[in-house]
Structure formats: C-alpha cells, structure tokens
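Source file: coords-v1.txt; contents: compact mmCIF, C-alpha atoms.
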# COMPACT_ATOMS: atom_id res chain seq x y z
CA MET X 261 82.14 79.96 74.51
CA ARG X 262 84.50 77.95 76.72
CA ASP X 263 86.35 81.20 77.40
CA SER X 264 83.11 82.74 78.74
CA VAL X 265 82.40 79.77 81.01
CA ILE X 266 85.94 79.93 82.43
CA ALA X 267 85.74 83.70 83.02
CA THR X 268 82.36 83.38 84.77
CA LEU X 269 83.35 80.42 86.92
CA SER X 270 86.67 82.02 87.82
CA GLY X 271 84.98 85.33 88.71
CA ILE X 272 82.37 83.66 90.94
CA ILE X 273 84.98 81.63 92.87
CA PHE X 274 87.21 84.72 93.19
CA GLY X 275 84.36 86.90 94.51
CA ALA X 276 83.22 84.18 96.93
CA GLY X 277 86.79 83.72 98.17
CA LEU X 278 87.17 87.45 98.78
CA ALA X 279 83.89 87.52 100.71
CA LEU X 280 84.68 84.48 102.87
CA SER X 281 88.20 85.64 103.70
CA GLY X 282 87.09 89.00 105.09
CA MET X 283 88.87 90.97 102.36
CA MET X 284 85.69 92.92 101.58
CA ASP X 285 85.98 94.47 105.03
CA PRO X 286 88.32 97.46 104.61
CA GLN X 287 88.82 97.58 108.38
CA ARG X 288 90.41 94.14 108.24
CA VAL X 289 92.64 95.03 105.29
CA ARG X 290 93.75 98.24 107.00
CA GLY X 291 94.31 96.12 110.13
CA PHE X 292 96.83 94.04 108.16
CA LEU X 293 98.64 97.18 107.06
CA ASP X 294 98.58 98.55 110.62
CA ILE X 295 101.72 96.75 111.75
CA PHE X 296 102.49 99.45 114.33
CA GLY X 297 99.00 99.16 115.88
CA VAL X 298 96.65 96.22 116.49
CA TRP X 299 97.90 93.99 113.68
CA ASP X 300 95.41 91.65 111.94
CA PRO X 301 97.30 88.88 110.10
CA THR X 302 94.22 87.55 108.20
CA LEU X 303 95.39 88.95 104.84
CA ALA X 304 98.64 86.99 105.14
CA PHE X 305 96.62 83.74 105.35
CA VAL X 306 94.62 84.80 102.28
CA MET X 307 97.74 85.59 100.27
CA GLY X 308 99.42 82.41 101.50
CA GLY X 309 96.50 80.21 100.43
CA ALA X 310 96.16 81.90 97.04
CA ILE X 311 99.90 81.84 96.32
CA PHE X 312 100.14 78.16 97.34
CA VAL X 313 97.50 77.06 94.82
CA MET X 314 98.87 79.33 92.09
CA ALA X 315 102.44 78.08 92.62
CA LEU X 316 101.13 74.57 91.86
CA ALA X 317 99.25 75.93 88.84
CA TRP X 318 102.47 77.48 87.46
CA LEU X 319 104.18 74.07 87.78
CA VAL X 320 101.38 72.51 85.74
CA GLN X 321 101.48 75.42 83.27
CA ARG X 322 105.13 74.66 82.46
CA THR X 323 104.18 71.19 81.26
CA LEU X 324 101.49 72.43 78.86
CA ASP X 325 102.05 73.56 75.27
CA LYS X 326 98.83 75.53 75.31
CA PRO X 327 95.97 76.24 77.73
CA LEU X 328 92.97 73.91 77.79
CA ALA X 329 90.53 76.35 76.18
CA ALA X 330 92.60 78.89 74.26
CA PRO X 331 95.09 78.70 71.36
CA SER X 332 98.08 79.94 73.39
CA PHE X 333 99.28 81.37 76.70
CA SER X 334 99.40 85.21 76.88
CA LEU X 335 101.49 85.97 79.92
CA PRO X 336 102.98 89.27 81.09
CA ASP X 337 106.66 90.10 81.14
CA THR X 338 108.29 89.26 84.46
CA SER X 339 111.71 90.85 84.39
CA ARG X 340 111.63 94.57 83.58
CA ILE X 341 111.76 96.68 86.73
CA ASP X 342 111.42 100.34 85.86
CA ALA X 343 110.35 103.59 87.48
CA LYS X 344 106.81 103.21 86.13
CA LEU X 345 106.35 99.90 87.95
CA ILE X 346 107.60 101.27 91.26
CA ILE X 347 105.79 104.61 91.06
CA GLY X 348 102.54 102.89 90.06
CA ALA X 349 102.79 100.33 92.86
CA ALA X 350 103.63 103.08 95.37
CA ILE X 351 100.55 105.12 94.35
CA PHE X 352 98.43 101.97 94.44
CA GLY X 353 99.59 101.20 97.99
CA ILE X 354 98.72 104.69 99.21
CA GLY X 355 95.18 104.36 97.85
CA TRP X 356 94.93 100.83 99.28
CA GLY X 357 95.96 102.13 102.69
CA ILE X 358 93.51 105.04 102.58
CA ALA X 359 90.42 103.07 101.53
CA GLY X 360 91.37 99.54 102.64
CA LEU X 361 90.18 98.31 99.25
CA CYS X 362 91.85 97.09 96.09
CA PRO X 363 90.01 96.54 92.78
CA GLY X 364 88.78 92.96 93.40
CA PRO X 365 87.09 93.47 96.79
CA GLY X 366 85.91 96.95 95.73
CA ILE X 367 84.01 95.51 92.76
CA ALA X 368 82.81 92.35 94.54
CA ALA X 369 81.44 94.49 97.41
CA LEU X 370 78.81 95.89 95.00
CA ALA X 371 76.73 92.91 96.17
CA ILE X 372 77.31 93.54 99.88
CA ASN X 373 77.74 97.27 100.41
CA PRO X 374 76.40 98.76 97.16
CA THR X 375 76.52 102.47 98.04
CA GLY X 376 80.10 102.48 99.26
CA ALA X 377 81.27 100.11 96.54
CA LEU X 378 79.68 102.30 93.86
CA VAL X 379 81.51 105.40 95.15
CA PHE X 380 84.79 103.46 95.28
CA GLY X 381 84.18 101.76 91.91
CA ILE X 382 83.41 105.00 90.05
CA SER X 383 86.52 106.61 91.58
CA LEU X 384 88.57 103.56 90.58
CA LEU X 385 87.38 103.83 86.97
CA ALA X 386 87.96 107.60 87.00
CA GLY X 387 91.56 106.96 88.08
CA MET X 388 91.99 104.38 85.33
CA GLY X 389 90.37 106.71 82.80
CA LEU X 390 92.69 109.54 83.84
CA HIS X 391 95.70 107.30 83.27
CA SER X 392 94.35 106.17 79.91
CA ALA X 393 93.71 109.79 78.79
CA LEU X 394 97.13 111.01 79.94
CA SER X 395 99.02 108.11 78.39
CA SER X 396 97.29 108.44 75.01
CA ARG X 397 98.08 112.18 75.06
CA ALA X 398 101.71 111.39 75.90
CA ARG X 399 101.86 108.98 72.96
CA LYS X 400 100.56 111.65 70.56
CA ALA X 401 103.00 114.29 71.79
CA MET H 173 89.51 79.18 114.77
CA THR H 174 91.38 82.08 116.36
CA ILE H 175 94.96 82.93 117.20
CA ASP H 176 95.52 83.88 120.86
CA ALA H 177 97.86 86.76 120.05
CA PHE H 178 95.46 88.20 117.42
CA PRO H 179 91.91 87.56 118.62
CA GLY H 180 90.35 89.61 115.79
CA ALA H 181 91.96 87.61 113.00
CA MET H 182 90.13 84.97 110.91
CA PRO H 183 92.98 82.62 109.93
CA LEU H 184 90.79 79.70 108.81
CA GLU H 185 88.33 81.75 106.74
CA GLY H 186 91.31 83.66 105.35
CA LEU H 187 93.12 80.49 104.34
CA ILE H 188 90.04 78.87 102.74
CA GLY H 189 89.14 82.11 100.95
CA GLY H 190 92.74 82.38 99.79
CA LEU H 191 92.69 78.81 98.46
CA MET H 192 89.51 79.72 96.54
CA ILE H 193 91.18 82.81 95.07
CA GLY H 194 94.15 80.64 94.05
CA LEU H 195 91.79 78.08 92.49
CA SER H 196 90.05 80.83 90.53
CA ALA H 197 93.38 82.12 89.22
CA ALA H 198 94.53 78.56 88.42
CA ILE H 199 91.36 77.85 86.41
CA PHE H 200 91.86 81.06 84.45
CA LEU H 201 95.57 80.40 83.82
CA LEU H 202 95.26 76.76 82.77
CA GLY H 203 91.95 77.28 80.95
CA SER H 204 92.30 80.65 79.22
CA GLY H 205 96.07 81.02 79.33
CA ARG H 206 96.03 84.37 81.12
CA ILE H 207 96.65 85.65 84.61
CA VAL H 208 93.77 86.95 86.74
CA GLY H 209 94.49 90.66 86.95
CA VAL H 210 91.38 92.32 88.31
CA SER H 211 92.53 95.88 87.58
CA GLY H 212 93.47 94.97 84.02
CA MET H 213 90.18 93.19 83.41
CA ALA H 214 88.18 96.05 84.96
CA ALA H 215 89.95 98.55 82.68
CA ARG H 216 89.31 96.27 79.72
CA ALA H 217 85.62 95.73 80.61
CA PHE H 218 85.07 99.51 80.73
CA LEU H 219 87.00 100.10 77.49
CA LEU H 220 89.86 101.84 79.30
CA ALA H 221 92.47 99.39 78.02
CA LYS H 222 93.05 98.55 74.37
CA SER H 223 94.65 95.16 74.81
CA GLY H 224 94.57 92.29 77.27
CA THR H 225 91.87 89.77 78.11
CA PRO H 226 89.21 89.41 75.38
CA LEU H 227 86.43 91.92 76.05
CA SER H 228 83.63 89.41 76.65
CA ALA H 229 85.72 87.39 79.12
CA ALA H 230 86.76 90.56 81.00
CA ILE H 231 83.14 91.76 81.28
CA LEU H 232 81.94 88.34 82.47
CA PHE H 233 84.73 88.08 85.05
CA VAL H 234 84.03 91.55 86.46
CA LEU H 235 80.27 90.90 86.67
CA SER H 236 80.87 87.51 88.31
CA LEU H 237 82.85 89.00 91.21
CA PRO H 238 79.80 90.52 92.97
CA LEU H 239 77.77 87.45 91.97
CA GLY H 240 80.26 85.22 93.82
CA ALA H 241 80.18 87.49 96.86
CA PHE H 242 76.37 87.46 96.77
CA LEU H 243 76.22 83.64 96.54
CA LEU H 244 78.69 83.25 99.40
CA GLN H 245 76.63 85.56 101.58
CA LEU H 246 73.54 83.52 100.73
CA LEU H 247 75.22 80.27 101.82
CA HIS H 248 77.44 81.54 104.63
CA GLY H 249 75.54 84.42 106.23
CA PRO H 250 76.26 88.16 106.52
CA ILE H 251 79.64 89.40 105.27
CA GLU H 252 81.29 92.25 107.15
CA SER H 253 82.00 95.19 104.82
CA SER H 254 82.28 98.47 106.70
CA PHE H 255 83.90 101.08 104.48
CA VAL H 256 85.79 104.15 105.65
CA GLN H 257 83.30 106.70 106.96
CA SER H 258 84.59 109.62 104.91
CA THR H 259 83.33 109.71 101.32
CA ALA H 260 86.25 112.01 100.42
CA LEU H 261 88.73 109.34 101.60
CA LEU H 262 86.83 106.62 99.72
CA ILE H 263 87.03 108.69 96.52
CA ALA H 264 90.70 109.54 97.06
CA GLY H 265 91.49 105.88 97.71
CA GLY H 266 89.62 104.75 94.59
CA LEU H 267 91.35 107.32 92.36
CA LEU H 268 94.84 106.42 93.63
CA VAL H 269 94.18 102.68 93.40
CA GLY H 270 92.91 103.14 89.81
CA ILE H 271 95.83 105.29 88.64
CA GLY H 272 98.42 103.23 90.51
CA ALA H 273 97.19 99.87 89.24
CA ARG H 274 97.35 101.08 85.62
CA VAL H 275 100.74 102.84 85.92
CA GLY H 276 102.22 99.85 87.76
CA SER H 277 100.53 97.34 85.40
CA GLY H 278 98.76 95.37 88.11
CA CYS H 279 97.26 95.11 91.55
CA THR H 280 96.95 92.70 94.45
CA SER H 281 95.68 89.91 92.17
CA GLY H 282 97.95 90.27 89.15
CA HIS H 283 101.18 91.14 90.97
CA GLY H 284 100.35 89.98 94.50
CA VAL H 285 98.96 86.51 93.74
CA CYS H 286 99.74 85.56 90.12
CA GLY H 287 103.14 87.25 89.81
CA THR H 288 104.65 86.42 93.20
CA SER H 289 103.63 82.74 92.88
CA ARG H 290 105.55 82.72 89.58
CA LEU H 291 108.53 84.38 91.31
CA SER H 292 108.31 87.25 88.81
CA PRO H 293 110.90 89.84 89.90
CA ARG H 294 108.58 92.61 88.60
CA SER H 295 105.68 91.41 90.73
CA LEU H 296 107.83 90.79 93.82
CA VAL H 297 109.09 94.39 93.63
CA ALA H 298 105.58 95.77 92.97
CA THR H 299 104.05 93.77 95.85
CA ALA H 300 106.77 94.79 98.32
CA THR H 301 106.31 98.41 97.20
CA PHE H 302 102.53 98.59 97.60
CA ILE H 303 102.60 96.82 100.95
CA ALA H 304 105.28 99.27 102.14
CA THR H 305 103.38 102.39 101.03
CA GLY H 306 100.13 100.89 102.36
CA VAL H 307 101.72 100.34 105.77
CA ALA H 308 103.19 103.86 105.72
CA THR H 309 99.82 105.38 104.73
CA VAL H 310 97.90 103.65 107.52
CA ALA H 311 100.61 104.59 110.04
CA ALA H 312 100.54 108.23 108.87
CA MET H 313 96.74 108.40 109.03
CA ASN H 314 96.76 106.90 112.54
CA ALA H 315 99.40 109.40 113.64
CA VAL H 316 97.32 112.33 112.36
CA GLY H 317 94.27 110.81 114.01

Final structure tokens representation of the file:
Amino acid sequence: MRDSVIATLSGIIFGAGLALSGMMDPQRVRGFLDIFGVWDPTLAFVMGGAIFVMALAWLVQRTLDKPLAAPSFSLPDTSRIDAKLIIGAAIFGIGWGIAGLCPGPGIAALAINPTGALVFGISLLAGMGLHSALSSRARKA
Amino acid sequence: MTIDAFPGAMPLEGLIGGLMIGLSAAIFLLGSGRIVGVSGMAARAFLLAKSGTPLSAAILFVLSLPLGAFLLQLLHGPIESSFVQSTALLIAGGLLVGIGARVGSGCTSGHGVCGTSRLSPRSLVATATFIATGVATVAAMNAVG
C-alpha cells in the first residue's frame, strides 16, 4: 500500500518536472545535443537540479539501514563496465538524438501530445520487446 | 529568466523542473529503496522484464507520469511538445531508445540522474556515451539536412 502511494506520488512529481522543464519538447532536447549549432543549455540545468537533490538523497541513504516503506534497499551494481553497457548506451543515444525523446518524457507526453507520444511509446516498447525476445533466445541457446 | 548568450533557453524552469525530478527520485529511493529508472519500470509494467520494481509500483509510476504532466499543464498553462515531423524518424528513435535502454541497463533517469549522483562508474560511462552519440547523431542529421 505505502509502496503504491510512493510510486504514484513519485511518478506525478517526475512527470510534472519533465513538463515544466521543457524536456517534453524534443526540439529543446535536440537543441541541447546540437553543440555545433544553436546550443540550448536548458537540459544541463534540469540534470544539474535533479543530480543536486539526488546527491543529497544518497547521503541520507547511507545513514539508513532500510528504506522508510520497504524491507530493504535493492540497488543496482555500480562498478561493472562491459561492452553491453557501452553498446546499449551508444544505441540509446542515437535514438535519443533522432527523436529528441527518452522514455520518461516520451511516456509523460501522452497527456500533452497523445498521437506522437503513442507512436514513440509503441516503438519504445517494440524495441524493449525485441531485446527481451532476443535475450531469452540467447539464454536458451 | 533568460541567458543573454542563449535566448531560447529556459534556465529557471529547467532548474525547478530538475529539482522536482530529483525530489521524485529521492522519494522513491528513501521510501521504496529503489532507483527511479523509467526504462526499467516501463519494461516491467508491460511485462517485458522479469525482475526489478514490484509490478504494481511500476505500473502506477508509469501511469502517473502523464498524470503529472497533465496536472502541470492545468496549473501552468500550455506545454510545448513539438515532435519530429517524420513518423519514420519517431519510430526509429523509439525502437533504438527501447533497445539501447535495455541493453545498457538504463536511460537518462536511471544512469543520468540516479547513477551519476551516486558517482557510479557504470552510470558515468553510460551517460557520457549516450550524450556523445546523441550529439554525433544530431550533428550528422544536421549535416545531411
């Protein structure tokens, strides 16, 4: 129950933050990536603000034995740098540059630009589904 | 507020929106003990990932993203969201973002915000990589026209 409240509250604040900061406008995101053209630094302010708050949250996290509403922390590995990580991130960046959208703004934009967001969202899920199908086949082989 | 050198930028809205995104991730981390990875939660919500955030939490988070955007628009006024004109490019972008986020175990939220703020070497490398290929992609597309 508390888990559901946290997920809902967190999702609403995240979606509102994306909307306010202009990150649901692919032109603005592509403007940030366009360092050789008319550069738009807005995304750097967004990342800076988000990273600042999260850096404080990680300091608090270190003092806690367990989260406030769950039995334990489940955090991803931080150290292993392998080909999969770099290839995946490289592919991700190419798609991000083409569409000017990453998963968060793409999904949140369903409320603002439903037609475009639906096309992007279905493609996003198709890409994820393709990866899931290929990796389960690779595991069987 | 504007910056003289970059009249199109929205530094204040960007910073406040960024602080909100950080707050959202902080609530999730300190409350549920997990990082906010939108790609991971989207995959989980659509049954494309076997492990990760509990299913109900992932579904609620994903549904709440557009709800938050809707509420902000209600309070703040129209939100600019002009997508690339070409549907083919939108589809190509979505496919590559989807595959890449799963292969690389994260996206702008998981690696870019939650991982870099933790100084995770994995996330720092992933973030530098996707910004680099994003910059190269936009430059290449502009060069082609």

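Taking only C-alpha atoms into account, Leu244 (chain H) lies nearest to H:Gly189 out of the set H:Pro293, H:Gly276, H:Gly189, H:Gly266.
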
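Nearest to Val306 (chain X) of all the residues H:Ser223, H:Thr280, H:Ser258, H:Ser204 is H:Thr280, based on only C-alpha atoms.
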
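Rounded to one decimal, CA of Ala177 (chain H) and CA of Leu303 (chain X) lie 15.6 Å from each other.
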
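Using all atoms listed in the file, the nearest neighbour of Val275 (chain H) within the list X:Leu370, X:Ala329, X:Ala310, X:Ile346 is X:Ile346.
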
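Minimum atom-to-atom distances from H:Leu219, H:Ile175, H:Ile193, H:Ala308 to chain X were compared using all atoms listed in the file, and the lowest value belongs to H:Ile193.
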
(request) Within 12 Å of Pro179 (chain H), counting only C-alpha atoms, which residues show up once you throw out same-chain ones fewer than 6 positions away? Write them as a PyMOL selection string, please. (result) (chain X and resi 298-302) or (chain H and resi 173)

Put the listed atoms of region 246-253 of chain H in a box along x, y and z with 5 Å added on every side and give me the centre and edge lengths in Å to one decimal, as lines of an AutoDock Vina configuration file.
center_x = 77.8
center_y = 87.7
center_z = 103.9
size_x = 18.5
size_y = 24.9
size_z = 16.4

(request) Can you work out which one of H:Glu185, H:Leu246, H:Gly209, H:Thr225 has the shortest atom-to-atom distance to Ser295 (chain H), counting only C-alpha atoms? (result) H:Gly209

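For the point (90.1, 110.2, 94.7), the residues with at least one atom inside 9 Å, counting all atoms listed in the file, are Gly355, Phe380, Ser383, Leu384, Ala386 and Gly387 of chain X; Ala260, Leu261, Leu262, Ile263, Ala264, Gly265, Gly266, Leu267, Leu268 and Val269 of chain H.
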
(message) I'd like the contact shell of Asn373 (chain X) - 9 Å cut-off, all atoms listed in the file, skipping same-chain residues fewer than 5 positions apart - returned as a ChimeraX atom specification.
(response) /X:378 /H:253-255

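With all atoms listed in the file as the basis for measurement, X:Ala371 is the residue among X:Thr323, X:Gly291, X:Val265, X:Ala371 that approaches chain H most closely.
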
(request) Please measure the separation of CA of Ala377 (chain X) and CA of Gly186 (chain H), giving the value in Å to one decimal. (result) 21.2 Å

(message) Need to verify the contact set: Gly282 (chain X), 7 Å, all atoms listed in the file, exclusion of same-chain residues closer than 3 positions in sequence. Can you return it as a ChimeraX atom specification?
(response) /X:278-279,285,288 /H:186,252

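Our summary of the geometry notes that CA of Ala298 (chain H) is positioned 21.3 Å from CA of Gly389 (chain X).
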